Amino acid sequence: MEQANTEKIKNKIDEMGNSIAAFYAVNFLDAEKEFTYLDELAKRFQKNMPNSRYTEQFTTQVEEMRKLAIGMAAPDISLPNPEGDTVSLSSLRGNYVMIDFWAAWCKPCRMENPNVVRLYNKYNDQGFEVYGVSLDRTKEAWTEAIEKDNLSWTHVSDLKYFDSEAASLYNISAIPATLLLDKEGKIIAKNLRGAELEAKLAEIFDGA
């Protein structure tokens, strides 16, 4: 049903051609899932409406998205862990890594933690790592949540809430937010939780 609606929207955008309405219609698409289509659309607008400010704005948005698109190398993060030592995302290269943007105050994040703990314990020996990036404001809240939820993986934070350098780098405006990286550090999936995360990890490690 969802895919059918998406196709209807895309067909409608194509019918609109080079109209301003087409620029607004793209807001009804899931930008993450439809990046390839949006990229093609940007090229079409550049060809047919090169001097339009709408084209310039849309193209800029697409270029920003490209940096974090599936298949792209994840930008490196280097932030302090609870002990004050700087730990980089790239130090986990060679493993499948899930970047987990979360916070002690985020209820959905905390509700998902038991599932991630279970999957981490199941697949860590096979090369699954988690790089937890907290958007907390205080070290006390952050470390208390780590201990209470039994989160034994790598944790970093600059304790700057949504002003975090990492949040800015990854365009994070809401949490929980996750990115799954392959052994080379390339993005292979985004925002997998619950059964979807379990299925993807089973596909990777169990060949399911």
# chains A, B, ... in the order shown; residues from 1 in each chain; ligands from 1

$ closest_atom_pairs --of "segment 5-91 of chain A" --to "segment 149-154 of chain A" --cutoff "12 Å" --atoms "only C-alpha atoms" --output "tab-separated table"
residue	atom	partner	partner_atom	distance
A:Ser78	CA	A:Thr154	CA	11.9
A:Leu79	CA	A:Thr154	CA	10.9
A:Pro80	CA	A:Thr154	CA	10.4
A:Asn81	CA	A:Thr154	CA	7.6
A:Pro82	CA	A:Thr154	CA	9.6
A:Glu83	CA	A:Thr154	CA	11.3
A:Asp85	CA	A:Thr154	CA	11.4
A:Thr86	CA	A:Thr154	CA	11.0
A:Val87	CA	A:Thr154	CA	8.3
A:Ser88	CA	A:Thr154	CA	9.8
A:Leu89	CA	A:Thr154	CA	9.3
A:Ser91	CA	A:Thr154	CA	10.6

$ write_last_selection --atoms "N, CA, C and O atoms" --output "PDB file, in the first residue's frame"
ATOM      1  N   SER A  78      34.694  11.521  16.144  1.00  0.00           N
ATOM      2  CA  SER A  78      35.680  11.359  17.212  1.00  0.00           C
ATOM      3  C   SER A  78      35.219  12.166  18.411  1.00  0.00           C
ATOM      4  O   SER A  78      35.265  13.399  18.397  1.00  0.00           O
ATOM      5  N   LEU A  79      34.747  11.474  19.444  1.00  0.00           N
ATOM      6  CA  LEU A  79      34.214  12.122  20.646  1.00  0.00           C
ATOM      7  C   LEU A  79      34.685  11.387  21.892  1.00  0.00           C
ATOM      8  O   LEU A  79      35.107  10.232  21.820  1.00  0.00           O
ATOM      9  N   PRO A  80      34.590  12.040  23.060  1.00  0.00           N
ATOM     10  CA  PRO A  80      35.036  11.401  24.301  1.00  0.00           C
ATOM     11  C   PRO A  80      34.086  10.303  24.774  1.00  0.00           C
ATOM     12  O   PRO A  80      32.867  10.418  24.636  1.00  0.00           O
ATOM     13  N   ASN A  81      34.662   9.256  25.346  1.00  0.00           N
ATOM     14  CA  ASN A  81      33.867   8.242  26.016  1.00  0.00           C
ATOM     15  C   ASN A  81      33.659   8.662  27.479  1.00  0.00           C
ATOM     16  O   ASN A  81      34.152   9.727  27.887  1.00  0.00           O
ATOM     17  N   PRO A  82      32.932   7.908  28.286  1.00  0.00           N
ATOM     18  CA  PRO A  82      32.683   8.328  29.676  1.00  0.00           C
ATOM     19  C   PRO A  82      33.956   8.538  30.496  1.00  0.00           C
ATOM     20  O   PRO A  82      33.945   9.304  31.467  1.00  0.00           O
ATOM     21  N   GLU A  83      35.034   7.872  30.095  1.00  0.00           N
ATOM     22  CA  GLU A  83      36.303   8.033  30.820  1.00  0.00           C
ATOM     23  C   GLU A  83      37.088   9.251  30.354  1.00  0.00           C
ATOM     24  O   GLU A  83      38.126   9.591  30.923  1.00  0.00           O
ATOM     25  N   ASP A  85      38.349   9.609  27.242  1.00  0.00           N
ATOM     26  CA  ASP A  85      39.240   9.279  26.135  1.00  0.00           C
ATOM     27  C   ASP A  85      38.490   9.406  24.803  1.00  0.00           C
ATOM     28  O   ASP A  85      37.351   8.956  24.679  1.00  0.00           O
ATOM     29  N   THR A  86      39.137  10.013  23.820  1.00  0.00           N
ATOM     30  CA  THR A  86      38.511  10.177  22.513  1.00  0.00           C
ATOM     31  C   THR A  86      38.515   8.852  21.754  1.00  0.00           C
ATOM     32  O   THR A  86      39.557   8.212  21.621  1.00  0.00           O
ATOM     33  N   VAL A  87      37.348   8.451  21.289  1.00  0.00           N
ATOM     34  CA  VAL A  87      37.209   7.202  20.528  1.00  0.00           C
ATOM     35  C   VAL A  87      36.558   7.534  19.189  1.00  0.00           C
ATOM     36  O   VAL A  87      35.497   8.153  19.138  1.00  0.00           O
ATOM     37  N   SER A  88      37.192   7.136  18.111  1.00  0.00           N
ATOM     38  CA  SER A  88      36.662   7.439  16.782  1.00  0.00           C
ATOM     39  C   SER A  88      35.833   6.284  16.247  1.00  0.00           C
ATOM     40  O   SER A  88      36.078   5.113  16.576  1.00  0.00           O
ATOM     41  N   LEU A  89      34.879   6.620  15.430  1.00  0.00           N
ATOM     42  CA  LEU A  89      34.066   5.606  14.760  1.00  0.00           C
ATOM     43  C   LEU A  89      34.952   4.716  13.901  1.00  0.00           C
ATOM     44  O   LEU A  89      34.772   3.492  13.859  1.00  0.00           O
ATOM     45  N   SER A  91      37.771   3.621  14.366  1.00  0.00           N
ATOM     46  CA  SER A  91      38.559   2.640  15.127  1.00  0.00           C
ATOM     47  C   SER A  91      37.861   1.280  15.155  1.00  0.00           C
ATOM     48  O   SER A  91      38.478   0.266  15.496  1.00  0.00           O
TER      49      SER A  91
END

$ select_by_dssp --residues "segment 62-141 of chain A" --states "strand (DSSP E or B)" --output "PyMOL selection string"
chain A and resi 73+78-80+86-88+96-102+128-134

$ select_by_dssp --residues "chain A" --states "alpha helix (DSSP H)" --output "VMD selection string"
chain A and resid 2 to 16 20 to 25 35 to 48 53 to 66 107 to 123 139 to 148 165 to 169 194 to 205

$ residues_around --residues "segment 66-71 of chain A" --least-positions-apart "2" --cutoff "9 Å" --atoms "only C-alpha atoms" --output "MDAnalysis selection string"
chainID A and resid 32 35 39 61:64 73:75 170:171 186:190

$ write_last_selection --atoms "N, CA and C atoms" --output "mmCIF file, in the first residue's frame"
data_model
loop_
_atom_site.group_PDB
_atom_site.id
_atom_site.type_symbol
_atom_site.label_atom_id
_atom_site.label_comp_id
_atom_site.auth_asym_id
_atom_site.auth_seq_id
_atom_site.Cartn_x
_atom_site.Cartn_y
_atom_site.Cartn_z
ATOM 1 N N GLU A 32 14.772 9.260 2.297
ATOM 2 C CA GLU A 32 15.780 8.217 2.484
ATOM 3 C C GLU A 32 15.597 7.083 1.481
ATOM 4 N N PHE A 35 15.973 8.291 -2.546
ATOM 5 C CA PHE A 35 17.096 9.171 -2.899
ATOM 6 C C PHE A 35 17.457 9.079 -4.377
ATOM 7 N N ASP A 39 17.587 12.201 -6.841
ATOM 8 C CA ASP A 39 18.835 12.546 -7.516
ATOM 9 C C ASP A 39 18.586 12.735 -9.012
ATOM 10 N N GLN A 61 19.897 20.443 -1.431
ATOM 11 C CA GLN A 61 19.339 19.457 -0.501
ATOM 12 C C GLN A 61 19.747 18.037 -0.881
ATOM 13 N N VAL A 62 19.687 17.749 -2.162
ATOM 14 C CA VAL A 62 20.050 16.416 -2.644
ATOM 15 C C VAL A 62 21.535 16.144 -2.405
ATOM 16 N N GLU A 63 22.371 17.133 -2.624
ATOM 17 C CA GLU A 63 23.808 16.961 -2.398
ATOM 18 C C GLU A 63 24.112 16.703 -0.923
ATOM 19 N N GLU A 64 23.364 17.362 -0.024
ATOM 20 C CA GLU A 64 23.530 17.115 1.406
ATOM 21 C C GLU A 64 23.124 15.686 1.749
ATOM 22 N N ALA A 73 30.450 6.263 2.246
ATOM 23 C CA ALA A 73 31.273 6.072 3.438
ATOM 24 C C ALA A 73 30.755 6.981 4.552
ATOM 25 N N ALA A 74 30.539 6.420 5.713
ATOM 26 C CA ALA A 74 30.024 7.198 6.840
ATOM 27 C C ALA A 74 31.082 8.193 7.315
ATOM 28 N N PRO A 75 30.724 9.466 7.496
ATOM 29 C CA PRO A 75 31.679 10.442 8.014
ATOM 30 C C PRO A 75 32.213 9.996 9.375
ATOM 31 N N TYR A 170 25.613 14.357 10.964
ATOM 32 C CA TYR A 170 24.697 13.343 10.422
ATOM 33 C C TYR A 170 23.265 13.858 10.242
ATOM 34 N N ASN A 171 23.088 15.160 10.366
ATOM 35 C CA ASN A 171 21.763 15.775 10.177
ATOM 36 C C ASN A 171 20.696 15.126 11.057
ATOM 37 N N LYS A 186 30.957 1.694 5.099
ATOM 38 C CA LYS A 186 29.933 2.249 4.210
ATOM 39 C C LYS A 186 28.538 2.004 4.777
ATOM 40 N N ILE A 187 27.657 2.963 4.557
ATOM 41 C CA ILE A 187 26.288 2.874 5.066
ATOM 42 C C ILE A 187 25.510 1.839 4.260
ATOM 43 N N ILE A 188 24.932 0.852 4.966
ATOM 44 C CA ILE A 188 24.163 -0.182 4.261
ATOM 45 C C ILE A 188 22.690 -0.181 4.679
ATOM 46 N N ALA A 189 22.350 0.506 5.768
ATOM 47 C CA ALA A 189 20.948 0.587 6.190
ATOM 48 C C ALA A 189 20.798 1.715 7.198
ATOM 49 N N LYS A 190 19.561 2.192 7.343
ATOM 50 C CA LYS A 190 19.286 3.280 8.279
ATOM 51 C C LYS A 190 18.030 2.983 9.092
#

$ closest_residue --among "A:Gly185, A:Gly84, A:Pro108, A:Pro114" --to "Glu129 of chain A" --atoms "only C-alpha atoms"
A:Gly185

$ residues_around --residues "Phe101 of chain A" --least-positions-apart "6" --cutoff "7 Å" --atoms "only C-alpha atoms" --output "JSON, numbers by chain"
{"A": [132, 133, 134, 175, 176, 177, 178]}

$ closest_residue --among "A:Gly127, A:Lys10, A:Glu144, A:Tyr37" --to "Tyr96 of chain A" --atoms "only C-alpha atoms"
A:Gly127

$ closest_residue --among "A:Phe205, A:Phe28, A:Trp105, A:Phe128" --to "Trp142 of chain A" --atoms "only C-alpha atoms"
A:Trp105

$ closest_residue --among "A:Leu41, A:Leu181, A:Ala166, A:Ile204" --to "Asn11 of chain A" --atoms "only C-alpha atoms"
A:Leu41

$ decode --residues "segment 138-151 of chain A" --atoms "all heavy atoms" --output "compact mmCIF listing (two decimals), in the first residue's frame"
# COMPACT_ATOMS: atom_id res chain seq x y z
N THR A 138 24.07 15.95 30.44
CA THR A 138 24.91 15.75 31.61
C THR A 138 25.53 14.36 31.60
O THR A 138 24.90 13.38 31.16
CB THR A 138 24.12 15.91 32.92
OG1 THR A 138 23.20 14.83 33.07
CG2 THR A 138 23.38 17.24 32.94
N LYS A 139 26.74 14.29 32.12
CA LYS A 139 27.44 13.00 32.19
C LYS A 139 26.72 12.05 33.13
O LYS A 139 26.66 10.84 32.89
CB LYS A 139 28.88 13.22 32.65
CG LYS A 139 29.70 11.94 32.69
CD LYS A 139 31.13 12.20 33.11
CE LYS A 139 31.92 10.89 33.14
NZ LYS A 139 33.32 11.09 33.55
N GLU A 140 26.15 12.60 34.21
CA GLU A 140 25.48 11.76 35.20
C GLU A 140 24.32 10.99 34.58
O GLU A 140 24.18 9.78 34.76
CB GLU A 140 24.97 12.62 36.36
CG GLU A 140 26.07 13.21 37.24
CD GLU A 140 26.82 14.36 36.59
OE1 GLU A 140 26.28 14.97 35.64
OE2 GLU A 140 27.97 14.63 37.01
N ALA A 141 23.46 11.69 33.84
CA ALA A 141 22.31 11.04 33.20
C ALA A 141 22.77 10.01 32.19
O ALA A 141 22.21 8.90 32.10
CB ALA A 141 21.42 12.09 32.53
N TRP A 142 23.79 10.36 31.43
CA TRP A 142 24.33 9.49 30.39
C TRP A 142 24.86 8.18 30.97
O TRP A 142 24.44 7.10 30.56
CB TRP A 142 25.42 10.27 29.65
CG TRP A 142 26.19 9.53 28.61
CD1 TRP A 142 25.74 8.56 27.77
CD2 TRP A 142 27.57 9.74 28.27
NE1 TRP A 142 26.74 8.13 26.92
CE2 TRP A 142 27.86 8.85 27.21
CE3 TRP A 142 28.57 10.59 28.74
CZ2 TRP A 142 29.14 8.79 26.63
CZ3 TRP A 142 29.82 10.54 28.16
CH2 TRP A 142 30.11 9.65 27.13
N THR A 143 25.77 8.30 31.92
CA THR A 143 26.41 7.10 32.47
C THR A 143 25.44 6.26 33.30
O THR A 143 25.55 5.03 33.33
CB THR A 143 27.63 7.47 33.32
OG1 THR A 143 27.25 8.42 34.34
CG2 THR A 143 28.72 8.11 32.46
N GLU A 144 24.49 6.91 33.94
CA GLU A 144 23.49 6.17 34.71
C GLU A 144 22.64 5.29 33.79
O GLU A 144 22.32 4.14 34.11
CB GLU A 144 22.59 7.13 35.50
CG GLU A 144 21.57 6.44 36.39
CD GLU A 144 20.72 7.43 37.16
OE1 GLU A 144 21.28 8.42 37.68
OE2 GLU A 144 19.49 7.22 37.25
N ALA A 145 22.27 5.85 32.64
CA ALA A 145 21.47 5.09 31.66
C ALA A 145 22.27 3.93 31.08
O ALA A 145 21.73 2.83 30.87
CB ALA A 145 20.98 6.01 30.55
N ILE A 146 23.55 4.15 30.81
CA ILE A 146 24.42 3.09 30.30
C ILE A 146 24.44 1.91 31.27
O ILE A 146 24.29 0.75 30.87
CB ILE A 146 25.85 3.61 30.06
CG1 ILE A 146 25.89 4.60 28.90
CG2 ILE A 146 26.81 2.45 29.79
CD1 ILE A 146 27.22 5.31 28.72
N GLU A 147 24.62 2.23 32.54
CA GLU A 147 24.70 1.19 33.57
C GLU A 147 23.36 0.49 33.77
O GLU A 147 23.28 -0.75 33.82
CB GLU A 147 25.18 1.79 34.89
CG GLU A 147 25.36 0.76 35.99
CD GLU A 147 25.92 1.36 37.26
OE1 GLU A 147 26.25 2.56 37.27
OE2 GLU A 147 26.03 0.62 38.26
N LYS A 148 22.29 1.29 33.87
CA LYS A 148 20.96 0.73 34.14
C LYS A 148 20.49 -0.18 33.01
O LYS A 148 19.86 -1.22 33.26
CB LYS A 148 19.95 1.85 34.36
CG LYS A 148 18.58 1.37 34.81
CD LYS A 148 17.69 2.54 35.20
CE LYS A 148 16.35 2.04 35.71
NZ LYS A 148 15.46 3.18 36.11
N ASP A 149 20.80 0.20 31.75
CA ASP A 149 20.34 -0.57 30.60
C ASP A 149 21.34 -1.65 30.16
O ASP A 149 21.11 -2.34 29.17
CB ASP A 149 20.03 0.35 29.43
CG ASP A 149 18.82 1.26 29.70
OD1 ASP A 149 18.25 1.18 30.80
OD2 ASP A 149 18.46 2.05 28.80
N ASN A 150 22.45 -1.77 30.89
CA ASN A 150 23.48 -2.79 30.60
C ASN A 150 24.03 -2.66 29.18
O ASN A 150 24.10 -3.65 28.43
CB ASN A 150 22.91 -4.20 30.82
CG ASN A 150 22.52 -4.45 32.26
OD1 ASN A 150 23.31 -4.21 33.17
ND2 ASN A 150 21.29 -4.90 32.48
N LEU A 151 24.41 -1.45 28.82
CA LEU A 151 24.92 -1.18 27.48
C LEU A 151 26.44 -1.30 27.48
O LEU A 151 27.15 -0.36 27.85
CB LEU A 151 24.49 0.22 27.02
CG LEU A 151 23.00 0.58 27.23
CD1 LEU A 151 22.72 1.98 26.70
CD2 LEU A 151 22.09 -0.45 26.56
